[in-house]
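Down below is the structure, laid out as structure tokens.
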Amino acid sequence: MLRILSWLFAFGFFTGLIALAGVGYFLWTISQDLPDYTVLKDYQPPVTTRVHAADGSLLGEYARERRLFQPIETVPPMVVNAFIAVEDKDFYSHGGLAFDGILRAVRDNIQKKIDGTGGPLVGASTITQQVARNFLLTLDQTWDRKIKEMLLAVRIEQTFSKDKIMELYLNEIFLGLNSYGISAAALNYFDKALYELTIAEAAYIAALPKGPANYHPIRYPKAAIDRRNYVIGRMEAEGYITAEEADAAKQEPLNVFPRTSGSQVYSAEYFAEEVRRRLARIYGEDQLYGGGLSVRTTMDPKLQAYARKALMNGLVRFDESKGYRGPVATIELDDDWGDDLAEIDALSDVPEWRLGVVIELGQNSAVVGLQPGRDVQGDVVSERATGQLPGPEQKWIAKPLSQVLNVGDVIYVEQVPDKEGVYQMRQPPEVQGGLVAMDPRTGRVLALVGGFSFDDSEFNRATQAERQPGSSFKPIVYAAALDNGYTPASVVLDAPLSIKNADGTSYQPDNYSREFYGPQTLRRGIERSRNVMTVRLAQDIGMPLVAEYSRLFGIHDNLPPYLAMSLGAGETTVLRMTAAYATIANGGRKINPTLIDRVQDRYGNTVFKHDERICDGCEVEDWNNQAEPLVIDNREQILDPMTAYQITSMMEGVVQRGTGTRIRSLGRPVAGKTGTTDDYKDAWFVGFTPEMAVGIYIGYDTPRDMGRNATGGELAAPIFRDFMAEAMQGKPPTPFNIPAGMSPIWIDPKTGVKVSGGGDGAIVEAFKPGTGPNLITSVIGVDSEVFVDLEGGSQDFNAGRGGLF
């Protein structure tokens with residue numbers, strides 16, 4: 001018997017050794033195919049890029065996976081404890097595996113096989129195992145994958161600290177609503193930072209890893225609350241919170257309001273999209289959507305709202321002058337018109353307007369049913385609201401409402417101010433436009449609007465639309481002339497001009513009024529926007545010089561040297577034109593417009609900044625009675641500061657006496673120029689004060705005649721006025737400073753002749769050293785010949801050859 005027992009023991013022992021060797025060989029074989037877990041040391045998860053306005057408010061977020069990296073040192077202990085309590089209570093004491101859990105999982109999986117119930121394998125994963133699975137393995141439900149997961153967990157525990165493992169876990173897990181990591185979840189579910197979460201909110205986030213879709217706060221609120229309360233119970237059981245805290249937390253509602261993506265600042269969609277495009281161009285799509293960049297833009301939210309309002313009102317004002325075009329849609333009315341009306345997409349970025357359907361129609365009045373809203377689940381709410389459309393409130397509708405509307409018509413309406421329940425009709429304008437507001441000292445774009453509605457059209461008319469600037473280009477021609485021997489008092493002949501082209505044809509420029517005015521000073525030429533004078537001037541100084549100035553100012557990269565281009569026939573953008581005027585406003589320093597002040601990487605290192613000025617003395621470690629740091633403006637001086645002042649003063653005259661008199665009501669120094677292209681296809685106004693440069697363009701996306709009165713002075717200038725009235729409210733008027741060395745002299749603006757004592761209509765003109773007013777004593781016109789008597793002689797101007805002086 002003893003021999004048999006010895007033999008059985010030996011057999012069992014050797015069988016066990018063989019089995020153990022087999023298991024060891026099996027584990028060794030699997031371990032040869034394990035992924036390299038050391039990559040976790042340098043792992044950088046895709047992190048959301050966040051874009052902020054100049055005041056720090058969130059402008060937008062860009063990510064394929066919405067994730068904000070949170071270092072473990074900054075994670076509140078309560079949040080960590082919530083996850084430990086429900087996911088891995090022994091996390092800080094085990095070596096990567098929970099053997100009691102493994103035994104239970106093996107038992108349950110074997111029982112499933114015996115019972116034939118099937119289904120996915122039961123897991124017993126520690127947080128370390130989840131890190132191994134989420135980072136290095138697939139989600140396949142197989143024994144091989146599970147064993148690999150366990151082996152990796154042990155090795156990860158031997159390599160990394162517990163805090164590092166927890167950091168990887170909390171920043172990688174998917175928690176629903178496209179939220180990856182706990183910081184993104186806190187923002188997306190509760191619009192809070194982690195440190196602001198309550199016990200109940202932290203418990204709900206910790207409840208989500210097992211299946212975010214199963215505990216969706218809107219679709220399955222009861223299951224979500226039950227799972228959250230289970231987590232709260234586990235936190236109490238592990239001693240992380242008291243019974244009183246647990247009871248109070250369980251009584252709280254979910255308080256989840258899913259956070260929307262996209263622009264987070266009202267009216268900033270065009271600005272945000274332009275920033276997104278520029279970031280993608282500089283850093284690439286991968287960095288933009290996963291690099292965790294922190295971007296500080298130049299946008300002032302208040303100015304952005306003013307700009308959007310001014311442009312919107314201007315476009316609507318012009319469009320309504322063209323009359324009513326018809327309804328947005330037509331629906332059949334039944335007992336509940338709300339569901340059908342809710343299916344029609346409204347302009348989401350024009351919150352002042354609502355869609356309404358005509359449900360009753362009188363002779364000159366109507367009742368409209370207003371589009372119902374949707375709840376957080378996306379279902380149409382049951383409430384139905386109506387509004388009144390009195391005929392007298394529809395001031396832009398010429399006919400009685402019964403002649404323009406039908407029951408079932410879907411239209412836009414806007415509430416009449418201070419009249420509850422009373423609405424006026426609206427329609428999205430066909431005409432479009434762009435507006436740019438810029439700090440002329442730095443080139444920082446303070447506000448940018450690219451059209452009436454980004455929801456309707458994402459095409460940005462401020463940065464993407466190439467349009468002819470018309471007469472708003474003329475200041476560049478005049479600046480080139482002033483830089484090359486002319487003065488504001490120099491006289492140019494305004495008379496018929498015919499220029500032979502190389503192909504035998506002739507170019508005959510004409511004025512807007514179809515009239516000619518004889519000899520005119522440069523000042524009067526730009527104030528009244530004389531086309532023929534501008535062409536003569538460009539002909540005299542040479543179009544290659546004009547083209548070079550246009551390039552220096554950043555308006556065109558390569559302007560064709562044709563005389564017609566001096567009248568603004570070369571296409572450009574509102575952003576470029578505004579930057580050119582800003583260059584004049586700041587005294588001739590080259591402006592590089594920017595929408596981005598600074599970009600930082602995920603670690604807070606600055607990788608881009610717009611301000612490249614040199615700061616002499618800023619890098620010292622301590623103060624030893626040295627002089628204060630000196631900021632050196634190293635930007636290129638592309639225009640003589642004296643010339644910049646002269647053209648600024650001439651454009652002040654445009655506002656005071658010329659084509660831009662609608663701006664005069666601002667009651668402050670403003671310089672600017674209108675622009676209108678052939679056939680009234682484009683209307684411009686670009687202007688500036690010492691504090692701000694603003695450019696505005698109005699026109700159809702497919703250019704067409706807007707009508708005889710659709711000039712820059714009539715369409716664009718009022719938008720400039722409305723914007724600046726709000727933007728500069730409360731700020732004292734600031735004069736344009738005359739550079740030292742210039743001579744202010746009273747002259748007659750019609751002739752450029754010096755007058756004494758500042759007589760009727762006389763103005764002060766600033767002259768550079770060595771120059772002065774004209775010495776004309778009389779001007780006489782005889783048919784096409786013009787004779788100008790000078791002190792000491794006379795000058796003959798032949799209208800056909802374009803004499804200058």
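Ligands are numbered from 1 in the order shown, chains are lettered A, B, ... in the order of the structure tokens, and residues start at 1 in each chain.
By chain and then residue number, the residues within 9 Å of segment 390-399 of chain A are Glu320, Ser321, Gly323, Tyr324, Gln363, Asn364, Ser365, Ala366, Val367, Ser402, Gln403, Val404, Val416, Val422, Tyr423, Gln424 and Met425 of chain A, counting only C-alpha atoms and disregarding those fewer than 3 positions away in sequence.
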Please identify the strand (DSSP E) residues within segment 109-345 of chain A (assignment by DSSP from backbone atoms) and present them as a short mmCIF file (atom, residue, chain, number, x, y, z; two decimals) with N, CA and C atoms, in the first residue's frame.
data_model
loop_
_atom_site.label_atom_id
_atom_site.label_comp_id
_atom_site.auth_asym_id
_atom_site.auth_seq_id
_atom_site.Cartn_x
_atom_site.Cartn_y
_atom_site.Cartn_z
N SER A 294 -3.65 75.52 -26.63
CA SER A 294 -4.42 76.58 -25.98
C SER A 294 -4.19 77.85 -26.77
N VAL A 295 -5.25 78.38 -27.35
CA VAL A 295 -5.13 79.49 -28.30
C VAL A 295 -5.83 80.72 -27.73
N ARG A 296 -5.11 81.80 -27.64
CA ARG A 296 -5.70 83.08 -27.23
C ARG A 296 -5.84 83.96 -28.48
N THR A 297 -7.07 84.27 -28.83
CA THR A 297 -7.32 85.07 -30.03
C THR A 297 -7.39 86.55 -29.67
N ALA A 329 -41.16 78.51 -46.56
CA ALA A 329 -41.78 77.24 -46.94
C ALA A 329 -43.29 77.39 -46.77
N THR A 330 -44.02 76.37 -47.19
CA THR A 330 -45.47 76.34 -46.99
C THR A 330 -45.83 74.96 -46.45
#
Report as a PDB file with N, CA and C atoms, in the first residue's frame all protein, DNA and RNA residues lying within 12 Å of Ile747 of chain A, evaluated on only C-alpha atoms, omitting residues in the same chain fewer than 4 positions from it.
ATOM      1  N   PRO A 488      -0.844 117.772 -50.861  1.00  0.00           N
ATOM      2  CA  PRO A 488      -2.312 117.772 -50.928  1.00  0.00           C
ATOM      3  C   PRO A 488      -2.862 118.951 -51.717  1.00  0.00           C
ATOM      4  N   ALA A 489      -2.054 120.014 -51.872  1.00  0.00           N
ATOM      5  CA  ALA A 489      -2.506 121.193 -52.609  1.00  0.00           C
ATOM      6  C   ALA A 489      -2.121 121.155 -54.082  1.00  0.00           C
ATOM      7  N   SER A 490      -1.366 120.135 -54.494  1.00  0.00           N
ATOM      8  CA  SER A 490      -1.021 120.016 -55.909  1.00  0.00           C
ATOM      9  C   SER A 490      -2.280 119.906 -56.751  1.00  0.00           C
ATOM     10  N   THR A 521      -7.389 120.296 -56.706  1.00  0.00           N
ATOM     11  CA  THR A 521      -6.313 119.868 -55.807  1.00  0.00           C
ATOM     12  C   THR A 521      -6.449 118.370 -55.523  1.00  0.00           C
ATOM     13  N   ARG A 523      -6.429 117.059 -52.672  1.00  0.00           N
ATOM     14  CA  ARG A 523      -7.404 116.922 -51.580  1.00  0.00           C
ATOM     15  C   ARG A 523      -8.824 116.874 -52.131  1.00  0.00           C
ATOM     16  N   SER A 743       4.507 121.826 -41.559  1.00  0.00           N
ATOM     17  CA  SER A 743       4.043 123.208 -41.460  1.00  0.00           C
ATOM     18  C   SER A 743       2.556 123.286 -41.735  1.00  0.00           C
ATOM     19  N   THR A 751      -8.315 125.586 -54.652  1.00  0.00           N
ATOM     20  CA  THR A 751      -7.185 125.946 -55.500  1.00  0.00           C
ATOM     21  C   THR A 751      -5.837 125.555 -54.912  1.00  0.00           C
ATOM     22  N   GLY A 752      -5.798 125.318 -53.588  1.00  0.00           N
ATOM     23  CA  GLY A 752      -4.533 125.018 -52.935  1.00  0.00           C
ATOM     24  C   GLY A 752      -3.701 126.247 -52.668  1.00  0.00           C
ATOM     25  N   VAL A 753      -4.299 127.434 -52.829  1.00  0.00           N
ATOM     26  CA  VAL A 753      -3.586 128.687 -52.619  1.00  0.00           C
ATOM     27  C   VAL A 753      -3.664 129.095 -51.152  1.00  0.00           C
ATOM     28  N   LYS A 754      -2.573 129.631 -50.633  1.00  0.00           N
ATOM     29  CA  LYS A 754      -2.536 130.094 -49.251  1.00  0.00           C
ATOM     30  C   LYS A 754      -3.493 131.255 -49.055  1.00  0.00           C
ATOM     31  N   VAL A 755      -4.228 131.227 -47.963  1.00  0.00           N
ATOM     32  CA  VAL A 755      -5.111 132.341 -47.614  1.00  0.00           C
ATOM     33  C   VAL A 755      -4.738 132.814 -46.220  1.00  0.00           C
ATOM     34  N   SER A 756      -5.014 134.044 -45.952  1.00  0.00           N
ATOM     35  CA  SER A 756      -4.641 134.600 -44.652  1.00  0.00           C
ATOM     36  C   SER A 756      -5.850 134.638 -43.729  1.00  0.00           C
ATOM     37  N   GLY A 757      -5.607 134.309 -42.479  1.00  0.00           N
ATOM     38  CA  GLY A 757      -6.645 134.460 -41.468  1.00  0.00           C
ATOM     39  C   GLY A 757      -7.701 133.381 -41.468  1.00  0.00           C
ATOM     40  N   GLY A 758      -7.581 132.348 -42.264  1.00  0.00           N
ATOM     41  CA  GLY A 758      -8.575 131.273 -42.248  1.00  0.00           C
ATOM     42  C   GLY A 758      -9.942 131.767 -42.676  1.00  0.00           C
ATOM     43  N   GLY A 759     -10.062 132.260 -43.905  1.00  0.00           N
ATOM     44  CA  GLY A 759     -11.326 132.791 -44.409  1.00  0.00           C
ATOM     45  C   GLY A 759     -12.377 131.735 -44.614  1.00  0.00           C
ATOM     46  N   ASP A 760     -13.476 132.132 -45.245  1.00  0.00           N
ATOM     47  CA  ASP A 760     -14.613 131.240 -45.484  1.00  0.00           C
ATOM     48  C   ASP A 760     -14.183 130.006 -46.270  1.00  0.00           C
ATOM     49  N   GLY A 761     -14.429 128.825 -45.706  1.00  0.00           N
ATOM     50  CA  GLY A 761     -14.131 127.576 -46.400  1.00  0.00           C
ATOM     51  C   GLY A 761     -12.677 127.187 -46.363  1.00  0.00           C
ATOM     52  N   ALA A 762     -11.830 128.000 -45.790  1.00  0.00           N
ATOM     53  CA  ALA A 762     -10.405 127.684 -45.732  1.00  0.00           C
ATOM     54  C   ALA A 762     -10.160 126.534 -44.762  1.00  0.00           C
ATOM     55  N   ILE A 763      -9.109 125.770 -45.029  1.00  0.00           N
ATOM     56  CA  ILE A 763      -8.736 124.662 -44.160  1.00  0.00           C
ATOM     57  C   ILE A 763      -7.241 124.729 -43.876  1.00  0.00           C
ATOM     58  N   VAL A 764      -6.825 124.025 -42.833  1.00  0.00           N
ATOM     59  CA  VAL A 764      -5.408 123.938 -42.513  1.00  0.00           C
ATOM     60  C   VAL A 764      -4.831 122.712 -43.210  1.00  0.00           C
ATOM     61  N   GLU A 765      -3.823 122.943 -44.034  1.00  0.00           N
ATOM     62  CA  GLU A 765      -3.149 121.841 -44.725  1.00  0.00           C
ATOM     63  C   GLU A 765      -1.741 121.713 -44.168  1.00  0.00           C
ATOM     64  N   ALA A 766      -1.279 120.489 -43.973  1.00  0.00           N
ATOM     65  CA  ALA A 766       0.059 120.243 -43.425  1.00  0.00           C
ATOM     66  C   ALA A 766       1.028 119.954 -44.566  1.00  0.00           C
ATOM     67  N   PHE A 767       2.136 120.655 -44.581  1.00  0.00           N
ATOM     68  CA  PHE A 767       3.127 120.489 -45.637  1.00  0.00           C
ATOM     69  C   PHE A 767       4.440 119.971 -45.064  1.00  0.00           C
ATOM     70  N   GLY A 772       5.129 123.726 -49.946  1.00  0.00           N
ATOM     71  CA  GLY A 772       4.163 124.713 -49.476  1.00  0.00           C
ATOM     72  C   GLY A 772       2.991 124.804 -50.415  1.00  0.00           C
ATOM     73  N   PRO A 773       2.078 125.731 -50.143  1.00  0.00           N
ATOM     74  CA  PRO A 773       0.885 125.870 -50.986  1.00  0.00           C
ATOM     75  C   PRO A 773       1.229 126.433 -52.355  1.00  0.00           C
ATOM     76  N   ASN A 774       0.243 126.363 -53.290  1.00  0.00           N
ATOM     77  CA  ASN A 774       0.434 126.867 -54.647  1.00  0.00           C
ATOM     78  C   ASN A 774       0.461 128.395 -54.645  1.00  0.00           C
ATOM     79  N   LEU A 775       1.025 128.946 -55.728  1.00  0.00           N
ATOM     80  CA  LEU A 775       1.090 130.390 -55.882  1.00  0.00           C
ATOM     81  C   LEU A 775       0.126 130.858 -56.961  1.00  0.00           C
ATOM     82  N   ILE A 776      -1.027 130.155 -57.124  1.00  0.00           N
ATOM     83  CA  ILE A 776      -2.001 130.489 -58.159  1.00  0.00           C
ATOM     84  C   ILE A 776      -2.743 131.769 -57.780  1.00  0.00           C
TER      85      ILE A 776
END
With distances taken over only C-alpha atoms, which of A:Lys322, A:Arg528, A:Arg276, A:Arg374 is nearest to Pro429 of chain A? A:Lys322
Skipping near chain neighbours, those fewer than 6 positions away, what residues fall within 6 Å of segment 632-636 of chain A using only C-alpha atoms, listed as a PDB file with all heavy atoms, in the first residue's frame?
ATOM      1  N   ARG A 589       3.702 102.240 -40.441  1.00  0.00           N
ATOM      2  CA  ARG A 589       4.332 100.973 -40.065  1.00  0.00           C
ATOM      3  C   ARG A 589       3.563  99.806 -40.682  1.00  0.00           C
ATOM      4  O   ARG A 589       2.342  99.742 -40.603  1.00  0.00           O
ATOM      5  CB  ARG A 589       4.350 100.816 -38.547  1.00  0.00           C
ATOM      6  CG  ARG A 589       5.282 101.773 -37.837  1.00  0.00           C
ATOM      7  CD  ARG A 589       6.704 101.269 -37.848  1.00  0.00           C
ATOM      8  NE  ARG A 589       7.574 102.097 -37.030  1.00  0.00           N
ATOM      9  CZ  ARG A 589       8.877 101.916 -36.921  1.00  0.00           C
ATOM     10  NH1 ARG A 589       9.457 100.917 -37.570  1.00  0.00           N
ATOM     11  NH2 ARG A 589       9.607 102.700 -36.165  1.00  0.00           N
ATOM     12  N   LYS A 590       4.296  98.850 -41.243  1.00  0.00           N
ATOM     13  CA  LYS A 590       3.691  97.694 -41.901  1.00  0.00           C
ATOM     14  C   LYS A 590       2.833  96.899 -40.921  1.00  0.00           C
ATOM     15  O   LYS A 590       3.277  96.556 -39.822  1.00  0.00           O
ATOM     16  CB  LYS A 590       4.787  96.791 -42.469  1.00  0.00           C
ATOM     17  CG  LYS A 590       4.310  95.458 -43.020  1.00  0.00           C
ATOM     18  CD  LYS A 590       3.597  95.589 -44.338  1.00  0.00           C
ATOM     19  CE  LYS A 590       3.286  94.237 -44.947  1.00  0.00           C
ATOM     20  NZ  LYS A 590       2.527  94.345 -46.194  1.00  0.00           N
ATOM     21  N   ARG A 613       7.879  92.366 -31.489  1.00  0.00           N
ATOM     22  CA  ARG A 613       8.719  93.516 -31.158  1.00  0.00           C
ATOM     23  C   ARG A 613       9.843  93.108 -30.189  1.00  0.00           C
ATOM     24  O   ARG A 613       9.689  92.180 -29.402  1.00  0.00           O
ATOM     25  CB  ARG A 613       7.878  94.633 -30.538  1.00  0.00           C
ATOM     26  CG  ARG A 613       6.902  95.286 -31.513  1.00  0.00           C
ATOM     27  CD  ARG A 613       6.023  96.302 -30.814  1.00  0.00           C
ATOM     28  NE  ARG A 613       5.194  95.676 -29.793  1.00  0.00           N
ATOM     29  CZ  ARG A 613       4.403  96.359 -28.972  1.00  0.00           C
ATOM     30  NH1 ARG A 613       4.336  97.670 -29.053  1.00  0.00           N
ATOM     31  NH2 ARG A 613       3.689  95.722 -28.068  1.00  0.00           N
ATOM     32  N   ILE A 614      10.919  93.835 -30.252  1.00  0.00           N
ATOM     33  CA  ILE A 614      12.076  93.553 -29.402  1.00  0.00           C
ATOM     34  C   ILE A 614      11.926  94.313 -28.089  1.00  0.00           C
ATOM     35  O   ILE A 614      11.622  95.513 -28.087  1.00  0.00           O
ATOM     36  CB  ILE A 614      13.375  93.972 -30.114  1.00  0.00           C
ATOM     37  CG1 ILE A 614      13.550  93.172 -31.413  1.00  0.00           C
ATOM     38  CG2 ILE A 614      14.571  93.789 -29.193  1.00  0.00           C
ATOM     39  CD1 ILE A 614      14.678  93.694 -32.291  1.00  0.00           C
TER      40      ILE A 614
END
Taking only residues of segment 622-727 of chain A that have an atom at most 10 Å from an atom of segment 561-578 of chain A, what is each one's shortest atom pair and its distance in Å to one decimal, using only C-alpha atoms, in chain and number order, as a Markdown table?
| residue | atom | partner | partner_atom | distance |
| --- | --- | --- | --- | --- |
| A:Gly675 | CA | A:Gly568 | CA | 8.3 |
| A:Thr676 | CA | A:Gly568 | CA | 9.1 |
| A:Thr677 | CA | A:Ala569 | CA | 7.8 |
| A:Asp678 | CA | A:Ala569 | CA | 9.0 |
| A:Trp684 | CA | A:Val574 | CA | 8.9 |
| A:Phe685 | CA | A:Thr578 | CA | 9.7 |
| A:Val686 | CA | A:Thr578 | CA | 6.5 |
| A:Gly687 | CA | A:Thr578 | CA | 7.9 |
| A:Phe688 | CA | A:Thr578 | CA | 8.9 |
| A:Met692 | CA | A:Thr578 | CA | 9.9 |
| A:Ala693 | CA | A:Thr578 | CA | 6.3 |
| A:Val694 | CA | A:Thr578 | CA | 6.0 |
| A:Gly695 | CA | A:Thr578 | CA | 5.0 |
| A:Ile696 | CA | A:Val574 | CA | 6.5 |
| A:Tyr697 | CA | A:Val574 | CA | 6.6 |
Check the smallest atom-to-atom distance from each of A:Leu545, A:Ile232, A:Ala63, A:Ala740 to Asp286 of chain A using only C-alpha atoms, then report the winner.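 Using only C-alpha atoms, the shortest distance to Asp286 of chain A belongs to A:Ala63.
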Select, from A:Ala82, A:Leu151, A:Leu187, A:Ala346, the residue with the minimum atom-to-atom distance to Tyr230 of chain A, counting only C-alpha atoms. A:Ala82
From the list A:Gln377, A:Ile241, A:Tyr266, A:Tyr195, which residue is nearest Tyr220 of chain A when using only C-alpha atoms?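 Of all the options, A:Gln377 lies closest to Tyr220 of chain A.
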Excluding same-chain residues fewer than 2 positions from Phe608 of chain A, what lies within 6 Å of it counting only C-alpha atoms, as a CSV table (one decimal) with all heavy atoms, in the first residue's frame?
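Output below, filename around-v4.csv:
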chain,number,residue,atom,x,y,z
A,598,ARG,N,-1.6,84.3,-29.3
A,598,ARG,CA,-0.6,83.4,-28.7
A,598,ARG,C,-1.2,82.0,-28.8
A,598,ARG,O,-2.4,81.7,-28.7
A,598,ARG,CB,-0.4,83.8,-27.3
A,598,ARG,CG,0.7,82.9,-26.6
A,598,ARG,CD,0.5,83.0,-25.1
A,598,ARG,NE,-0.8,82.4,-24.6
A,598,ARG,CZ,-1.6,82.8,-23.7
A,598,ARG,NH1,-1.3,84.0,-23.1
A,598,ARG,NH2,-2.7,82.1,-23.4
A,599,VAL,N,-0.3,81.0,-29.0
A,599,VAL,CA,-0.6,79.6,-29.0
A,599,VAL,C,0.3,78.9,-28.0
A,599,VAL,O,1.6,79.1,-28.1
A,599,VAL,CB,-0.5,79.0,-30.4
A,599,VAL,CG1,-0.8,77.5,-30.3
A,599,VAL,CG2,-1.4,79.7,-31.4
A,606,THR,N,4.8,78.4,-24.9
A,606,THR,CA,4.4,79.3,-26.0
A,606,THR,C,5.1,78.9,-27.3
A,606,THR,O,6.3,78.9,-27.3
A,606,THR,CB,4.7,80.8,-25.7
A,606,THR,OG1,3.9,81.2,-24.5
A,606,THR,CG2,4.3,81.6,-26.8
Pick out each residue of segment 118-318 of chain A that DSSP on the backbone tags as helix (DSSP H, G or I); I need them as a VMD selection string. chain A and resid 127 to 136 143 to 159 162 to 172 182 to 190 194 to 196 199 to 206 212 to 215 221 to 237 243 to 251 269 to 290 301 to 318
Write out as JSON, numbers by chain each polymer residue whose atoms come within 10 Å of Met312 of chain A, counting only C-alpha atoms; drop sequence neighbours fewer than 5 positions from it. {"A": [306, 307, 317, 350, 428, 429, 432, 433, 434, 449, 451, 452, 453, 719]}
Restricting the output to all heavy atoms, write the selected residues as a short mmCIF file (atom, residue, chain, number, x, y, z; two decimals), in the first residue's frame.
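Heads up, here's the output in part39.cif:
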data_model
loop_
_atom_site.label_atom_id
_atom_site.label_comp_id
_atom_site.auth_asym_id
_atom_site.auth_seq_id
_atom_site.Cartn_x
_atom_site.Cartn_y
_atom_site.Cartn_z
N TYR A 306 -21.22 93.99 -31.46
CA TYR A 306 -21.58 95.25 -32.13
C TYR A 306 -21.42 95.12 -33.65
O TYR A 306 -22.25 95.61 -34.42
CB TYR A 306 -20.68 96.39 -31.64
CG TYR A 306 -20.82 96.74 -30.18
CD1 TYR A 306 -19.76 97.32 -29.48
CD2 TYR A 306 -22.01 96.51 -29.49
CE1 TYR A 306 -19.87 97.66 -28.14
CE2 TYR A 306 -22.12 96.83 -28.14
CZ TYR A 306 -21.05 97.40 -27.48
OH TYR A 306 -21.16 97.73 -26.15
N ALA A 307 -20.33 94.47 -34.07
CA ALA A 307 -20.06 94.32 -35.50
C ALA A 307 -21.13 93.48 -36.16
O ALA A 307 -21.63 93.81 -37.25
CB ALA A 307 -18.68 93.70 -35.70
N ARG A 317 -31.63 96.10 -43.92
CA ARG A 317 -32.18 97.38 -44.37
C ARG A 317 -32.18 97.47 -45.89
O ARG A 317 -33.19 97.86 -46.51
CB ARG A 317 -31.34 98.50 -43.76
CG ARG A 317 -31.90 99.89 -43.89
CD ARG A 317 -31.22 100.84 -42.90
NE ARG A 317 -29.76 100.79 -42.97
CZ ARG A 317 -28.99 100.55 -41.91
NH1 ARG A 317 -29.51 100.35 -40.71
NH2 ARG A 317 -27.68 100.53 -42.04
N VAL A 350 -29.26 83.33 -35.53
CA VAL A 350 -30.03 84.58 -35.57
C VAL A 350 -31.15 84.43 -34.54
O VAL A 350 -32.32 84.26 -34.88
CB VAL A 350 -30.60 84.86 -36.97
CG1 VAL A 350 -31.22 86.27 -37.03
CG2 VAL A 350 -29.52 84.73 -38.03
N PRO A 428 -34.38 86.50 -44.62
CA PRO A 428 -32.92 86.47 -44.74
C PRO A 428 -32.49 87.22 -46.00
O PRO A 428 -33.03 86.96 -47.08
CB PRO A 428 -32.59 84.99 -44.84
CG PRO A 428 -33.77 84.31 -44.20
CD PRO A 428 -34.95 85.15 -44.54
N PRO A 429 -31.58 88.16 -45.89
CA PRO A 429 -31.19 88.96 -47.06
C PRO A 429 -30.43 88.14 -48.10
O PRO A 429 -29.67 87.24 -47.76
CB PRO A 429 -30.32 90.06 -46.47
CG PRO A 429 -29.79 89.48 -45.20
CD PRO A 429 -30.86 88.57 -44.68
N GLN A 432 -25.01 90.14 -49.28
CA GLN A 432 -24.10 89.71 -48.22
C GLN A 432 -23.03 90.77 -47.99
O GLN A 432 -23.00 91.80 -48.68
CB GLN A 432 -23.45 88.37 -48.58
CG GLN A 432 -24.40 87.19 -48.52
CD GLN A 432 -24.76 86.80 -47.09
OE1 GLN A 432 -24.21 87.34 -46.13
NE2 GLN A 432 -25.66 85.85 -46.95
N GLY A 433 -22.17 90.53 -47.04
CA GLY A 433 -21.12 91.49 -46.77
C GLY A 433 -20.14 90.98 -45.74
O GLY A 433 -20.30 89.89 -45.18
N GLY A 434 -19.13 91.78 -45.49
CA GLY A 434 -18.13 91.44 -44.49
C GLY A 434 -17.68 92.68 -43.74
O GLY A 434 -17.73 93.79 -44.29
N VAL A 449 -16.82 89.72 -39.05
CA VAL A 449 -18.09 89.11 -39.44
C VAL A 449 -18.03 88.83 -40.93
O VAL A 449 -17.71 89.72 -41.72
CB VAL A 449 -19.29 90.02 -39.11
CG1 VAL A 449 -20.60 89.28 -39.36
CG2 VAL A 449 -19.24 90.51 -37.68
N GLY A 451 -20.59 87.47 -42.93
CA GLY A 451 -21.86 87.35 -43.63
C GLY A 451 -23.02 87.48 -42.68
O GLY A 451 -22.83 87.69 -41.47
N PHE A 452 -24.23 87.34 -43.21
CA PHE A 452 -25.42 87.51 -42.37
C PHE A 452 -25.58 86.36 -41.39
O PHE A 452 -25.86 86.57 -40.22
CB PHE A 452 -26.66 87.60 -43.26
CG PHE A 452 -27.94 87.70 -42.48
CD1 PHE A 452 -28.30 88.88 -41.88
CD2 PHE A 452 -28.78 86.60 -42.34
CE1 PHE A 452 -29.47 88.99 -41.14
CE2 PHE A 452 -29.94 86.68 -41.60
CZ PHE A 452 -30.30 87.88 -41.00
N SER A 453 -25.37 85.12 -41.85
CA SER A 453 -25.58 83.96 -40.99
C SER A 453 -24.61 82.86 -41.36
O SER A 453 -24.62 82.37 -42.49
CB SER A 453 -27.03 83.45 -41.12
OG SER A 453 -27.17 82.17 -40.55
N ILE A 719 -23.21 101.50 -42.05
CA ILE A 719 -22.85 100.36 -41.20
C ILE A 719 -21.63 100.71 -40.37
O ILE A 719 -21.55 100.41 -39.17
CB ILE A 719 -22.60 99.11 -42.07
CG1 ILE A 719 -23.89 98.72 -42.80
CG2 ILE A 719 -22.08 97.96 -41.22
CD1 ILE A 719 -23.70 97.60 -43.81
#
Might you pull out every residue within 10 Å of Thr648 of chain A, with only C-alpha atoms counted and same-chain residues fewer than 3 positions away left off, and present them as number ranges by chain? A: 475, 479, 581, 584-585, 587, 642-645, 651-654, 670-672, 687-689, 736
A straight line from atom CA of Ala202 of chain A to atom CA of Asp55 of chain A spans 29.7 Å
Hey, can you check how far atom CA of Asp42 of chain A sits from atom CA of Lys89 of chain A?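 Taking atom CA of Asp42 of chain A and atom CA of Lys89 of chain A, their separation equals 27.5 Å.
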Between atom CA of Tyr270 of chain A and atom CA of Ala447 of chain A, what is the distance in Å, rounded to a tenth?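 We find that atom CA of Tyr270 of chain A and atom CA of Ala447 of chain A lie 9.9 Å from each other.
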